[in-house]
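Inspection log for the structure reproduced underneath, given as structure tokens.
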There are 2 protein chains.
Amino acid sequence: MSTLPLYRTAVQPEWIDYNGHLRDAYYVVALSLAIDALMDRLGLDAAYRKRTHCTLYTLEMHMHWLHEVLADDALDIDARILAADRKRLHVGLDVRSARHAGPVATAEFMLLHVEQGDKPTSRPFPPEIALAIDALARAAGPAPWPGPGSRPIALPVR
Amino acid sequence: MSTLPLYRTAVQPEWIDYNGHLRDAYYVVALSLAIDALMDRLGLDAAYRKRTHCTLYTLEMHMHWLHEVLADDALDIDARILAADRKRLHVGLDVRSARHAGPVATAEFMLLHVEQGDKPTSRPFPPEIALAIDALARAAGPAPWPGPGSRPIALPVR
């Protein structure tokens, strides 16, 4: 298995914009909900968050929109752990819909494990979560990540 | 003037997530609405889109989340043209809220001018739009863009 089937959603009617297609930002709403599903899978679920006051904060995201999505489409989102350290997760996600063979969008997120309180403070993952992250990273296998990849955004020099 | 005051929105109650703060993806919804306001300012408005069947498609976005935003906050979004060519706009945006001196998020978008139809096709900007883009790019002046900038997402090597 190269990626993790994670989350499926119908395209909501209010997600369609004046261009007659899925507004760019609502791909991101679906990705954000997919990351909630990834948190559940890693044990960073509501019970964990309530017990520890720890959660994930999004630091950074780089996304490519590759194909239009229309009102009748559904979105299927897979994820892969690209890297992790004591406190951070680098996750790659791809968004697919039935009318395209390849992804309609890809994104990379950098997420930080944080304890909430008066001042949110970064915290190492507890051992059982670190093990779950490691297991999921191994499950992805050696296949290359299909997205265009993160790089500085720039217009080509002409 | 270093950036363009572009768009203001209240944080909607349904934009707050289980962490008690603005969900990552709804910063992007606000940014997407700010880009609509930028299109209006450049003349790429509803009348233009109806007359020409041309619009902007989002190709790519790189975003940094810098501070939490809470339920009572409003978001103020400014934009700057970082670069442009015959068909593309590279736009930098920053999101501010009253509780922080600096931006709460920054983002760079790459946008493509497209004619919609059976198959969306990239098109050069017409002369009057190219002039409006150039005027707006000059208005930003030489001040450096305040965001962390787009770069490959990666965990630091330890």
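In the structure tokens, each chain is lettered A, B, ... as it comes, each chain's residues begin at 1, and ligands are numbered from 1 in order of appearance.
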inquiry  = Residues near Arg123 (chain A), anyone? I mean within 7 Å using only C-alpha atoms, not counting same-chain ones fewer than 4 positions away, as a PyMOL selection string.
reply    = chain A and resi 87+113-115
task = DSSP on the backbone, then: every residue of region 30-152 of chain B marked strand (DSSP E or B), written as a ChimeraX atom specification.
result = /B:54-65,74-84,88-96,105-115,121-122
key: Pick from A:Ala135, A:Leu70, A:Ile129, A:Met63 nearest to chain B, counting only C-alpha atoms   = A:Met63
task = At a cut-off of 10 Å, list the chain B residues touching chain A, using only C-alpha atoms, as a ChimeraX atom specification.
result = /B:18-20,23-33,46,49,53-68,82-85,88-90,105-110,116,120,149-158
inquiry  = Taking only C-alpha atoms into account, name the residue in A:Leu111, A:Val95, A:Leu44, A:Arg80 that is nearest to Pro126 (chain A).
reply    = A:Leu44
